[in-house]
>>> print(open('work.csv').read())   # CSV, C-alpha atoms
chain,number,residue,atom,x,y,z
S,315,MET,CA,115.6,120.3,76.6
S,316,LYS,CA,118.3,119.6,79.3
S,317,ASN,CA,121.9,119.7,78.0
S,318,SER,CA,123.7,118.2,80.9
S,319,LEU,CA,124.0,114.7,82.4
S,320,ASP,CA,122.5,114.2,85.9
S,321,SER,CA,125.0,111.6,87.1
S,322,ALA,CA,123.3,111.0,90.4
S,323,ALA,CA,119.9,110.3,88.7
S,324,LEU,CA,121.5,108.0,86.2
S,325,THR,CA,123.3,106.0,88.8
S,326,THR,CA,120.1,105.7,90.9
S,327,ALA,CA,118.1,104.6,87.8
S,328,VAL,CA,120.6,101.9,86.9
S,329,GLU,CA,120.7,100.6,90.5
S,330,ASP,CA,116.9,100.6,90.6
S,331,VAL,CA,116.8,98.2,87.6
S,332,HIS,CA,119.1,95.9,89.5
S,333,ARG,CA,117.1,96.2,92.7
S,334,ALA,CA,113.9,95.3,90.6
S,335,GLY,CA,115.4,91.9,89.8
S,336,MET,CA,117.9,92.3,86.9
S,337,PRO,CA,121.1,90.4,87.8
S,338,GLY,CA,123.3,93.0,86.1
S,339,LEU,CA,123.3,95.9,83.6
S,340,PHE,CA,125.5,98.6,82.3
S,341,ALA,CA,125.1,101.8,80.3
S,342,GLU,CA,126.7,104.8,78.7
S,343,VAL,CA,125.0,108.1,78.2
S,344,ARG,CA,126.4,111.0,76.2
S,345,ASP,CA,125.4,114.6,76.0
S,346,GLY,CA,127.7,116.5,73.7
S,347,ASP,CA,131.2,116.2,75.2
S,348,GLN,CA,129.9,114.8,78.5
S,349,VAL,CA,130.0,111.1,79.0
S,350,TRP,CA,128.5,109.1,81.9
S,351,ARG,CA,129.1,105.3,82.3
S,352,GLY,CA,127.6,103.2,85.0
S,353,ALA,CA,126.9,99.6,86.0
S,354,ALA,CA,125.0,97.8,88.7
S,355,GLY,CA,124.7,94.1,89.8
S,356,VAL,CA,126.6,91.0,88.9
S,357,ALA,CA,128.0,89.4,85.7
S,358,ASP,CA,127.9,86.0,87.3
S,359,VAL,CA,125.3,85.1,90.0
S,360,ALA,CA,127.3,82.1,91.2
S,361,THR,CA,130.5,84.0,91.9
S,362,GLY,CA,129.2,87.6,92.5
S,363,ARG,CA,131.6,88.9,89.9
S,364,PRO,CA,130.4,92.5,89.2
S,365,VAL,CA,129.4,93.9,85.9
S,366,THR,CA,131.4,96.8,84.5
S,367,ALA,CA,130.5,99.5,81.9
S,368,GLY,CA,133.2,98.4,79.5
S,369,MET,CA,132.0,94.8,79.1
S,370,ARG,CA,131.5,93.2,75.7
S,371,HIS,CA,127.9,92.0,75.1
S,372,ARG,CA,125.8,90.2,72.6
S,373,VAL,CA,123.6,93.1,71.2
S,374,GLY,CA,121.1,91.1,69.1
S,375,SER,CA,119.1,93.0,66.5
S,376,ILE,CA,121.1,96.2,67.1
S,377,THR,CA,123.1,94.4,64.4
S,378,LYS,CA,120.3,95.3,61.9
S,379,PRO,CA,121.3,99.0,61.4
S,380,PHE,CA,124.9,97.7,60.6
S,381,THR,CA,123.5,95.3,58.0
S,382,ALA,CA,121.1,97.9,56.6
S,383,ALA,CA,123.9,100.5,56.3
S,384,ALA,CA,126.0,97.9,54.4
S,385,VAL,CA,123.0,97.3,52.0
S,386,LEU,CA,122.5,101.1,51.5
S,387,GLN,CA,126.2,101.5,50.6
S,388,GLN,CA,125.7,99.0,47.8
S,389,VAL,CA,122.6,101.0,46.7
S,390,GLU,CA,124.9,104.1,46.5
S,391,CYS,CA,127.3,102.0,44.4
S,392,GLY,CA,124.5,101.1,42.0
S,393,LEU,CA,124.7,97.4,42.7
S,394,ILE,CA,121.4,97.1,44.5
S,395,ASP,CA,118.1,98.9,43.7
S,396,LEU,CA,116.0,99.5,46.8
S,397,ASP,CA,112.8,99.1,44.9
S,398,ALA,CA,113.8,96.1,42.7
S,399,PRO,CA,112.2,92.8,43.4
S,400,VAL,CA,114.3,90.4,45.5
S,401,GLY,CA,113.6,87.8,42.9
S,402,ARG,CA,115.9,89.6,40.5
S,403,TYR,CA,118.8,88.9,42.8
S,404,LEU,CA,117.8,85.7,44.7
S,405,PRO,CA,115.3,83.9,42.6
S,406,GLU,CA,116.2,80.5,44.1
S,407,LEU,CA,115.5,81.8,47.6
S,408,VAL,CA,112.2,83.7,47.0
S,409,PRO,CA,110.8,82.2,43.8
S,410,GLY,CA,107.8,83.0,41.7
S,411,GLU,CA,105.2,85.7,42.4
S,412,ARG,CA,106.5,86.5,45.9
S,413,GLY,CA,110.0,87.0,44.6
S,414,ALA,CA,108.6,89.4,42.0
S,415,ALA,CA,106.4,91.3,44.5
S,416,ILE,CA,108.8,91.6,47.5
S,417,THR,CA,111.4,94.4,47.1
S,418,VAL,CA,114.7,95.0,48.8
S,419,ARG,CA,113.1,97.9,50.7
S,420,MET,CA,110.3,95.6,52.0
S,421,LEU,CA,113.0,93.3,53.4
S,422,LEU,CA,114.7,96.3,55.1
S,423,ASN,CA,111.5,97.6,56.7
S,424,HIS,CA,109.8,94.3,57.4
S,425,THR,CA,106.8,94.8,55.0
S,426,SER,CA,107.6,91.7,52.9
S,427,GLY,CA,105.0,89.5,54.6
S,428,LEU,CA,107.6,86.8,55.1
S,429,ALA,CA,107.2,84.9,58.4
S,430,GLU,CA,109.7,84.5,61.2
S,431,TYR,CA,111.7,81.3,60.9
S,432,LEU,CA,112.7,80.9,64.6
S,433,PRO,CA,109.6,78.9,65.7
S,434,TYR,CA,110.5,76.4,63.0
S,435,ALA,CA,114.2,76.2,63.8
S,436,TYR,CA,113.5,75.8,67.5
S,437,PRO,CA,110.8,73.0,67.7
S,438,SER,CA,109.8,73.8,71.3
S,439,LEU,CA,108.9,77.3,70.2
S,440,LYS,CA,106.6,76.2,67.4
S,441,ALA,CA,103.5,77.7,69.1
S,442,PHE,CA,105.0,81.2,69.2
S,443,PRO,CA,103.5,83.8,69.7
S,444,ASP,CA,101.2,81.6,71.8
S,445,LEU,CA,103.7,81.8,74.7
S,446,ALA,CA,101.9,79.5,77.1
S,447,ASN,CA,102.3,76.6,74.6
S,448,THR,CA,106.0,77.1,74.0
S,449,ARG,CA,108.7,75.4,76.0
S,450,PRO,CA,112.4,76.3,76.3
S,451,GLU,CA,114.0,72.9,75.8
S,452,SER,CA,115.2,73.5,72.2
S,453,LEU,CA,117.2,76.5,73.3
S,454,GLU,CA,119.5,74.1,75.2
S,455,ASP,CA,119.2,71.4,72.5
S,456,HIS,CA,120.5,73.9,69.9
S,457,ARG,CA,123.2,75.6,72.0
S,458,PHE,CA,125.9,74.3,69.7
S,459,THR,CA,123.9,73.8,66.5
S,460,ARG,CA,125.5,75.3,63.4
S,461,PHE,CA,122.5,76.4,61.3
S,462,ASP,CA,122.6,76.9,57.6
S,463,PRO,CA,121.2,80.4,56.7
S,464,VAL,CA,119.7,79.1,53.4
S,465,GLU,CA,117.8,76.5,55.4
S,466,LEU,CA,116.5,79.1,57.9
S,467,ILE,CA,115.4,81.3,55.0
S,468,ALA,CA,113.5,78.4,53.5
S,469,MET,CA,111.7,77.8,56.8
S,470,GLY,CA,110.5,81.5,56.8
S,471,VAL,CA,109.5,81.4,53.1
S,472,ALA,CA,107.6,78.1,53.4
S,473,ALA,CA,105.7,79.3,56.5
S,474,PRO,CA,102.3,80.9,56.1
S,475,PRO,CA,102.8,84.6,55.2
S,476,VAL,CA,102.1,87.2,57.9
S,477,GLY,CA,101.0,89.8,55.4
S,478,VAL,CA,101.0,90.8,51.7
S,479,PRO,CA,104.2,92.4,50.2
S,480,GLY,CA,104.1,96.1,50.8
S,481,GLY,CA,101.0,95.9,52.9
S,482,PRO,CA,99.9,98.7,55.3
S,483,LEU,CA,101.2,96.9,58.4
S,484,GLY,CA,104.5,95.1,58.5
S,485,VAL,CA,105.6,92.3,60.8
S,486,TYR,CA,109.1,92.1,62.2
S,487,SER,CA,110.9,89.0,60.9
S,488,ASN,CA,114.5,87.9,60.9
S,489,THR,CA,113.9,86.1,57.6
S,490,ASN,CA,114.0,89.5,55.9
S,491,TYR,CA,117.5,90.2,57.2
S,492,LEU,CA,118.9,86.8,56.5
S,493,LEU,CA,117.8,87.4,52.9
S,494,LEU,CA,119.6,90.8,53.0
S,495,VAL,CA,122.7,89.0,54.1
S,496,GLN,CA,122.5,86.7,51.1
S,497,LEU,CA,122.0,89.7,48.8
S,498,LEU,CA,125.0,91.5,50.3
S,499,GLU,CA,127.2,88.5,49.8
S,500,GLN,CA,126.1,88.1,46.2
S,501,VAL,CA,126.8,91.7,45.1
S,502,THR,CA,130.0,92.1,47.2
S,503,GLY,CA,131.6,88.7,46.5
S,504,THR,CA,132.6,88.3,50.1
S,505,THR,CA,130.9,87.2,53.4
S,506,ALA,CA,128.5,89.7,55.0
S,507,GLU,CA,130.6,89.6,58.1
S,508,GLN,CA,133.8,90.6,56.3
S,509,TYR,CA,132.0,93.3,54.3
S,510,ILE,CA,130.2,94.8,57.3
S,511,THR,CA,133.5,94.7,59.4
S,512,ARG,CA,135.5,96.5,56.7
S,513,ASN,CA,133.0,99.0,55.5
S,514,VAL,CA,130.7,99.7,58.5
S,515,ILE,CA,132.5,98.7,61.8
S,516,GLU,CA,136.0,99.9,60.8
S,517,ARG,CA,134.6,103.0,59.0
S,518,ALA,CA,132.9,103.9,62.3
S,519,GLY,CA,136.2,103.4,64.2
S,520,LEU,CA,134.8,100.7,66.5
S,521,ARG,CA,137.4,98.8,68.4
S,522,GLU,CA,135.3,96.4,70.4
S,523,THR,CA,132.7,95.4,67.9
S,524,GLY,CA,132.7,92.3,65.8
S,525,PHE,CA,131.0,89.0,64.7
S,526,PRO,CA,131.7,85.9,66.8
S,527,ALA,CA,133.8,83.2,65.3
S,528,GLY,CA,132.2,80.5,67.5
S,529,PRO,CA,129.9,80.2,70.4
S,530,TYR,CA,132.0,82.2,72.9
S,531,VAL,CA,132.2,85.9,73.7
S,532,ASP,CA,135.8,87.1,73.6
S,533,GLY,CA,137.0,89.5,76.3
S,534,PRO,CA,135.4,90.6,79.5
S,535,HIS,CA,131.7,89.9,79.4
S,536,SER,CA,128.7,88.9,81.5
S,537,GLN,CA,126.9,85.6,81.7
S,538,LEU,CA,123.5,85.9,80.0
S,539,TYR,CA,120.5,84.5,81.9
S,540,GLU,CA,117.5,83.2,80.0
S,541,ALA,CA,114.3,82.8,82.0
S,542,TRP,CA,111.8,82.1,79.1
S,543,PHE,CA,108.8,83.6,80.9
S,544,GLY,CA,109.5,81.8,84.2
S,545,MET,CA,109.8,78.3,82.5
S,546,ILE,CA,113.6,78.3,83.2
S,547,ASP,CA,113.9,78.7,87.0
S,548,PRO,CA,116.5,79.7,88.0
S,549,PRO,CA,117.4,81.4,84.7
S,550,ARG,CA,120.1,79.5,82.7
S,551,ASP,CA,123.3,81.1,81.4
S,552,HIS,CA,123.3,81.2,77.5
S,553,SER,CA,126.4,83.4,77.1
S,554,VAL,CA,127.9,80.3,75.4
S,555,HIS,CA,125.7,79.8,72.3
S,556,ASP,CA,126.3,79.4,68.6
S,557,MET,CA,124.9,82.5,66.9
S,558,SER,CA,124.3,81.0,63.5
S,559,TRP,CA,120.6,81.0,64.4
S,560,VAL,CA,120.6,84.7,63.5
S,561,GLY,CA,123.9,85.3,61.8
S,562,PRO,CA,124.6,88.9,60.6
S,563,ALA,CA,120.9,89.7,61.3
S,564,ALA,CA,121.5,89.8,65.1
S,565,SER,CA,124.9,88.2,66.1
S,566,LEU,CA,127.1,91.2,66.8
S,567,ILE,CA,129.2,91.6,70.0
S,568,SER,CA,129.8,95.2,71.0
S,569,THR,CA,130.1,97.6,73.9
S,570,VAL,CA,127.8,100.4,75.0
S,571,ALA,CA,130.5,102.9,74.1
S,572,ASP,CA,130.9,101.4,70.6
S,573,LEU,CA,127.1,101.4,70.0
S,574,ASN,CA,126.9,105.1,70.8
S,575,CYS,CA,129.9,105.8,68.6
S,576,PHE,CA,128.3,103.9,65.7
S,577,LEU,CA,124.9,105.5,65.9
S,578,GLY,CA,126.4,109.0,66.3
S,579,ARG,CA,128.5,108.5,63.1
S,580,LEU,CA,125.6,106.9,61.2
S,581,LEU,CA,123.3,109.8,62.0
S,582,ALA,CA,126.1,112.3,61.1
S,583,GLY,CA,126.2,110.9,57.6
S,584,GLU,CA,129.6,109.3,58.0
S,585,ILE,CA,128.6,105.7,57.3
S,586,VAL,CA,126.1,106.2,54.5
S,587,SER,CA,125.2,109.3,52.5
S,588,PRO,CA,122.7,111.9,53.7
S,589,SER,CA,120.2,110.6,51.0
S,590,SER,CA,120.6,107.0,52.2
S,591,LEU,CA,120.2,108.1,55.8
S,592,ALA,CA,116.9,109.9,54.8
S,593,GLN,CA,115.8,106.6,53.3
S,594,MET,CA,116.7,104.8,56.6
S,595,ARG,CA,114.5,107.2,58.5
S,596,ARG,CA,111.4,106.8,56.3
S,597,THR,CA,109.1,104.7,58.6
S,598,VAL,CA,106.1,102.4,58.2
S,599,PRO,CA,104.0,100.8,61.0
S,600,VAL,CA,105.4,97.3,61.9
S,601,VAL,CA,104.3,94.8,64.5
S,602,SER,CA,107.3,94.0,66.7
S,603,GLN,CA,108.2,90.6,68.1
S,604,GLU,CA,106.6,91.7,71.4
S,605,GLY,CA,103.3,92.3,69.5
S,606,ARG,CA,103.5,96.1,69.7
S,607,THR,CA,103.0,98.3,66.6
S,608,ILE,CA,106.1,100.5,66.2
S,609,ASP,CA,107.3,102.9,63.5
S,610,TYR,CA,110.2,101.2,61.6
S,611,GLY,CA,112.5,102.5,58.9
S,612,LEU,CA,115.3,100.7,57.1
S,613,GLY,CA,117.1,99.1,60.0
S,614,LEU,CA,116.2,102.0,62.4
S,615,HIS,CA,113.2,102.9,64.5
S,616,PRO,CA,112.4,106.2,66.3
S,617,MET,CA,111.5,106.9,69.9
S,618,GLU,CA,110.1,110.3,70.9
S,619,GLY,CA,109.3,112.1,74.2
S,620,PRO,CA,106.9,115.0,74.3
S,621,GLY,CA,108.8,118.1,73.2
S,622,GLN,CA,112.1,116.2,73.5
S,623,GLY,CA,113.0,115.5,69.8
S,624,THR,CA,113.3,112.2,68.1
S,625,PHE,CA,115.8,109.5,68.9
S,626,TRP,CA,116.9,106.9,66.4
S,627,GLY,CA,118.3,103.4,67.0
S,628,HIS,CA,117.4,99.8,67.7
S,629,GLY,CA,116.9,97.3,70.4
S,630,GLY,CA,118.1,93.8,70.5
S,631,THR,CA,117.7,90.5,72.3
S,632,VAL,CA,119.4,87.1,72.3
S,633,TRP,CA,119.0,84.1,74.5
S,634,GLY,CA,119.7,85.7,77.9
S,635,GLY,CA,120.8,89.1,76.9
S,636,GLY,CA,119.4,92.4,75.7
S,637,ALA,CA,120.4,95.9,74.7
S,638,LEU,CA,118.9,99.2,73.5
S,639,ALA,CA,120.8,102.0,71.8
S,640,MET,CA,119.2,105.3,70.8
S,641,THR,CA,120.7,108.6,69.6
S,642,ARG,CA,118.9,111.9,69.2
S,643,ALA,CA,118.5,113.1,65.6
S,644,ASP,CA,121.0,115.9,66.2
S,645,GLY,CA,123.5,113.3,67.5
S,646,LYS,CA,124.2,115.1,70.8
S,647,ARG,CA,122.3,113.0,73.3
S,648,GLN,CA,122.9,109.3,73.2
S,649,MET,CA,122.1,106.2,75.3
S,650,ALA,CA,123.2,102.6,75.2
S,651,VAL,CA,122.0,100.1,77.8
S,652,ALA,CA,122.9,96.3,78.2
S,653,VAL,CA,121.1,93.8,80.4
S,654,ASN,CA,122.0,90.2,81.3
S,655,MET,CA,118.6,88.6,81.6
S,656,GLN,CA,115.8,88.2,79.2
S,657,ARG,CA,112.1,87.2,79.3
S,658,TRP,CA,111.7,87.8,83.0
S,659,ASN,CA,108.0,88.3,82.9
S,660,ARG,CA,106.0,85.3,84.0
S,661,LEU,CA,102.7,84.5,82.2
S,662,ASP,CA,99.3,85.1,83.6
S,663,SER,CA,96.3,82.6,83.3
S,664,ALA,CA,95.6,84.0,79.8
S,665,GLY,CA,99.2,83.3,78.7
S,666,LYS,CA,100.2,87.0,78.6
S,667,PRO,CA,103.4,88.3,80.1
S,668,GLN,CA,102.6,89.8,83.5
S,669,PRO,CA,104.1,93.2,84.5
S,670,HIS,CA,107.3,93.1,86.4
S,671,PRO,CA,109.1,95.7,88.4
S,672,ILE,CA,112.0,95.5,86.0
S,673,ASP,CA,109.8,96.9,83.2
S,674,GLY,CA,109.0,100.1,85.1
S,675,ALA,CA,112.6,100.5,86.3
S,676,LEU,CA,114.0,100.2,82.7
S,677,ALA,CA,111.4,102.7,81.4
S,678,THR,CA,112.6,105.1,84.0
S,679,LEU,CA,116.2,104.5,83.2
S,680,TYR,CA,115.5,105.1,79.4
S,681,ARG,CA,113.6,108.3,80.2
S,682,VAL,CA,116.4,109.7,82.5
S,683,ALA,CA,119.1,108.7,80.0
S,684,MET,CA,117.4,110.2,76.9
S,685,TYR,CA,115.6,113.2,78.3
S,686,GLY,CA,117.4,114.1,81.5
>>> encode(input="work.csv", output="structure tokens")
Amino acid sequence: MKNSLDSAALTTAVEDVHRAGMPGLFAEVRDGDQVWRGAAGVADVATGRPVTAGMRHRVGSITKPFTAAAVLQQVECGLIDLDAPVGRYLPELVPGERGAAITVRMLLNHTSGLAEYLPYAYPSLKAFPDLANTRPESLEDHRFTRFDPVELIAMGVAAPPVGVPGGPLGVYSNTNYLLLVQLLEQVTGTTAEQYITRNVIERAGLRETGFPAGPYVDGPHSQLYEAWFGMIDPPRDHSVHDMSWVGPAASLISTVADLNCFLGRLLAGEIVSPSSLAQMRRTVPVVSQEGRTIDYGLGLHPMEGPGQGTFWGHGGTVWGGGALAMTRADGKRQMAVAVNMQRWNRLDSAGKPQPHPIDGALATLYRVAMYG
């Protein structure tokens, strides 16, 4: 296992992603006390303003480990039982037999069987995952919509289930994490944003991480270009977008440095107890939103290279932006990468995303960043 950073290889890998078609990206890689930061491309395609490694960025579902850690803290306090039915806490949101069958743990690891609400909140995405029959118009229509989280949850609960509670194969769903947000608010008596800020973000010592108060990103940031599988051409900037469509399931704004700091302290047992961390790292197979089967714990998932050890973290996407943050189990090697375009793959005649040079370039960057 290499224990040093190859700055030249990392710089080349980042530049290659930009050359492959990504407007801009930035990253931080750590190995022990060594830190490399790099960026390539532009933050604004109209002006040519460059991206920089310190920019703030919408990190999407990398929010989920923050929310999961907050829930685990309440488990440690005895206010939440991981294996209690969600109907005990939120009977009005998940009533009847499903509320009795779905546990808090199943929400955390996406084995509840509850469907994703997004295709119902965004009407032009109703056909998802049949991408060829989706359209991007409602992304623009709902740019400034203030969604009610209880209404979003109701959409997911009312939709046909995607599995049985606790079944052998989970399905990733934001409905699960919006329910966890409601649970957190019920037991803490405050908003999830306030609780997570005070007890997770500030405990981790993060200075550039927080929930948005409105549709704008404060501080230096990139535009975020949404292509929706070639149906938005040229890709449209969605950096200004109300994030109530995901709330504390995926709305955090952060930096690559803060993401590495958070995961390092989480895996060191500084945010939740070692026993809670062990629960977070107990995985089950889950079908991701991209249709791949991955191992998923309680707000964390692993990535592993042959003979290289296991990395833990999360990926995230929003309209136009994406990020991936992974930390090796020993906490010494870390990677966080942010990109400013999403869904760049056009669809083939069968409606499946076609390979794109960006895919291979990103895979190479991740490999160089994590394994040297």
>>> closest_atom_pairs(input="work.csv", of="segment 591-670 of chain S", to="segment 485-489 of chain S", cutoff="7 Å", atoms="all atoms listed in the file", output="tab-separated table")
residue	atom	partner	partner_atom	distance
S:Val600	CA	S:Val485	CA	5.1
S:Val601	CA	S:Val485	CA	4.7
S:Ser602	CA	S:Tyr486	CA	5.2
S:Gln603	CA	S:Tyr486	CA	6.2
>>> residues_around(input="work.csv", residues="Glu507 of chain S", least_positions_apart="4", cutoff="12 Å", atoms="only C-alpha atoms", output="list in words")
Thr377, Phe380, Thr381, Ala384, Val495, Gln496, Leu498, Glu499, Thr502, Gly503, Thr511, Arg512, Asn513, Val514, Ile515, Glu516, Thr523, Gly524, Phe525, Pro526, Ala527, Ser558, Gly561, Pro562, Ala563, Ala564, Ser565 and Leu566 of chain S
>>> atom_distance(input="work.csv", atom1="atom CA of Ala675 of chain S", atom2="atom CA of Leu324 of chain S")
11.6 Å
>>> atom_distance(input="work.csv", atom1="atom CA of Gly355 of chain S", atom2="atom CA of Ala367 of chain S")
11.2 Å
>>> residues_around(input="work.csv", residues="His628 of chain S", least_positions_apart="6", cutoff="12 Å", atoms="all atoms listed in the file", output="number ranges by chain")
S: 373-380, 382, 564, 573-574, 576-577, 602, 608-617, 636-641, 649-651
>>> closest_residue(input="work.csv", among="S:Gly578, S:Gly621, S:Pro671, S:Gly635", to="Gly346 of chain S", atoms="all atoms listed in the file")
S:Gly578
>>> atom_distance(input="work.csv", atom1="atom CA of Asp551 of chain S", atom2="atom CA of Glu430 of chain S")
24.6 Å
>>> closest_residue(input="work.csv", among="S:Tyr436, S:His555, S:Leu386, S:Pro450", to="Pro588 of chain S", atoms="all atoms listed in the file")
S:Leu386
>>> closest_residue(input="work.csv", among="S:Pro548, S:Gly665, S:Pro482, S:Gly686", to="Asp320 of chain S", atoms="all atoms listed in the file")
S:Gly686
>>> axis_aligned_box(input="work.csv", around="segment 655-664 of chain S", padding_each_side="6 Å", output="JSON")
{"center_x": 107.1, "center_y": 85.6, "center_z": 81.6, "size_x": 35.0, "size_y": 18.0, "size_z": 16.8}
>>> residues_near_point(input="work.csv", point="(132.4, 90.4, 87.8)", cutoff="10 Å", atoms="all atoms listed in the file", output="list in words")
Gly338, Gly355, Val356, Ala357, Asp358, Val359, Thr361, Gly362, Arg363, Pro364, Val365, Thr366, Met369, Pro534, His535, Ser536 and Gln537 of chain S
>>> closest_residue(input="work.csv", among="S:Val418, S:Leu493, S:Ala652, S:Ile510", to="Val389 of chain S", atoms="all atoms listed in the file")
S:Val418
>>> closest_residue(input="work.csv", among="S:Val328, S:Arg517, S:Pro405, S:Ala323", to="Leu676 of chain S", atoms="only C-alpha atoms")
S:Val328
>>> closest_residue(input="work.csv", among="S:Thr624, S:Ser438, S:Ser553, S:Gln388", to="Arg642 of chain S", atoms="only C-alpha atoms")
S:Thr624
>>> residues_around(input="work.csv", residues="Asp455 of chain S", least_positions_apart="3", cutoff="12 Å", atoms="all atoms listed in the file", output="ChimeraX atom specification")
/S:435-438,449-452,458-460,552,555-556
>>> write_last_selection(input="work.csv", atoms="C-alpha atoms", output="tab-separated table (two decimals), in the coordinates of the input")
chain	number	residue	atom	x	y	z
S	435	ALA	CA	114.20	76.20	63.80
S	436	TYR	CA	113.50	75.80	67.50
S	437	PRO	CA	110.80	73.00	67.70
S	438	SER	CA	109.80	73.80	71.30
S	449	ARG	CA	108.70	75.40	76.00
S	450	PRO	CA	112.40	76.30	76.30
S	451	GLU	CA	114.00	72.90	75.80
S	452	SER	CA	115.20	73.50	72.20
S	458	PHE	CA	125.90	74.30	69.70
S	459	THR	CA	123.90	73.80	66.50
S	460	ARG	CA	125.50	75.30	63.40
S	552	HIS	CA	123.30	81.20	77.50
S	555	HIS	CA	125.70	79.80	72.30
S	556	ASP	CA	126.30	79.40	68.60
>>> decode(input="work.csv", residues="segment 596-602 of chain S", atoms="all heavy atoms", output="CSV table (one decimal), in the first residue's frame")
chain,number,residue,atom,x,y,z
S,596,ARG,N,-22.2,-2.1,9.2
S,596,ARG,CA,-22.9,-3.4,8.9
S,596,ARG,C,-23.7,-3.2,7.6
S,596,ARG,O,-24.6,-2.5,7.6
S,596,ARG,CB,-23.8,-3.8,10.0
S,596,ARG,CG,-23.1,-4.3,11.3
S,596,ARG,CD,-24.1,-4.7,12.4
S,596,ARG,NE,-25.1,-5.6,11.9
S,596,ARG,CZ,-26.1,-6.0,12.6
S,596,ARG,NH1,-26.3,-5.4,13.8
S,596,ARG,NH2,-27.0,-6.8,12.2
S,597,THR,N,-23.3,-3.9,6.5
S,597,THR,CA,-23.9,-3.6,5.2
S,597,THR,C,-24.8,-4.7,4.8
S,597,THR,O,-24.8,-5.9,5.2
S,597,THR,CB,-22.8,-3.5,4.2
S,597,THR,OG1,-22.1,-4.8,4.0
S,597,THR,CG2,-21.8,-2.4,4.5
S,598,VAL,N,-25.7,-4.3,3.9
S,598,VAL,CA,-26.6,-5.2,3.2
S,598,VAL,C,-26.6,-4.8,1.7
S,598,VAL,O,-26.2,-3.7,1.3
S,598,VAL,CB,-28.1,-5.0,3.7
S,598,VAL,CG1,-28.2,-5.5,5.1
S,598,VAL,CG2,-28.5,-3.6,3.6
S,599,PRO,N,-27.0,-5.7,0.8
S,599,PRO,CA,-27.0,-5.3,-0.6
S,599,PRO,C,-28.2,-4.4,-0.9
S,599,PRO,O,-29.3,-4.6,-0.5
S,599,PRO,CB,-27.2,-6.6,-1.4
S,599,PRO,CG,-27.7,-7.6,-0.4
S,599,PRO,CD,-27.3,-7.1,1.0
S,600,VAL,N,-27.9,-3.3,-1.7
S,600,VAL,CA,-29.0,-2.3,-2.0
S,600,VAL,C,-28.8,-1.9,-3.4
S,600,VAL,O,-27.7,-1.7,-3.9
S,600,VAL,CB,-28.8,-1.1,-1.1
S,600,VAL,CG1,-29.6,0.1,-1.6
S,600,VAL,CG2,-29.2,-1.4,0.4
S,601,VAL,N,-29.9,-1.7,-4.1
S,601,VAL,CA,-29.9,-1.3,-5.5
S,601,VAL,C,-29.8,0.3,-5.5
S,601,VAL,O,-30.7,0.9,-4.9
S,601,VAL,CB,-31.1,-1.7,-6.3
S,601,VAL,CG1,-31.1,-1.2,-7.7
S,601,VAL,CG2,-31.2,-3.3,-6.3
S,602,SER,N,-28.8,0.8,-6.1
S,602,SER,CA,-28.6,2.3,-6.1
S,602,SER,C,-29.5,2.9,-7.1
S,602,SER,O,-30.2,2.2,-7.9
S,602,SER,CB,-27.1,2.6,-6.4
S,602,SER,OG,-26.9,2.4,-7.8
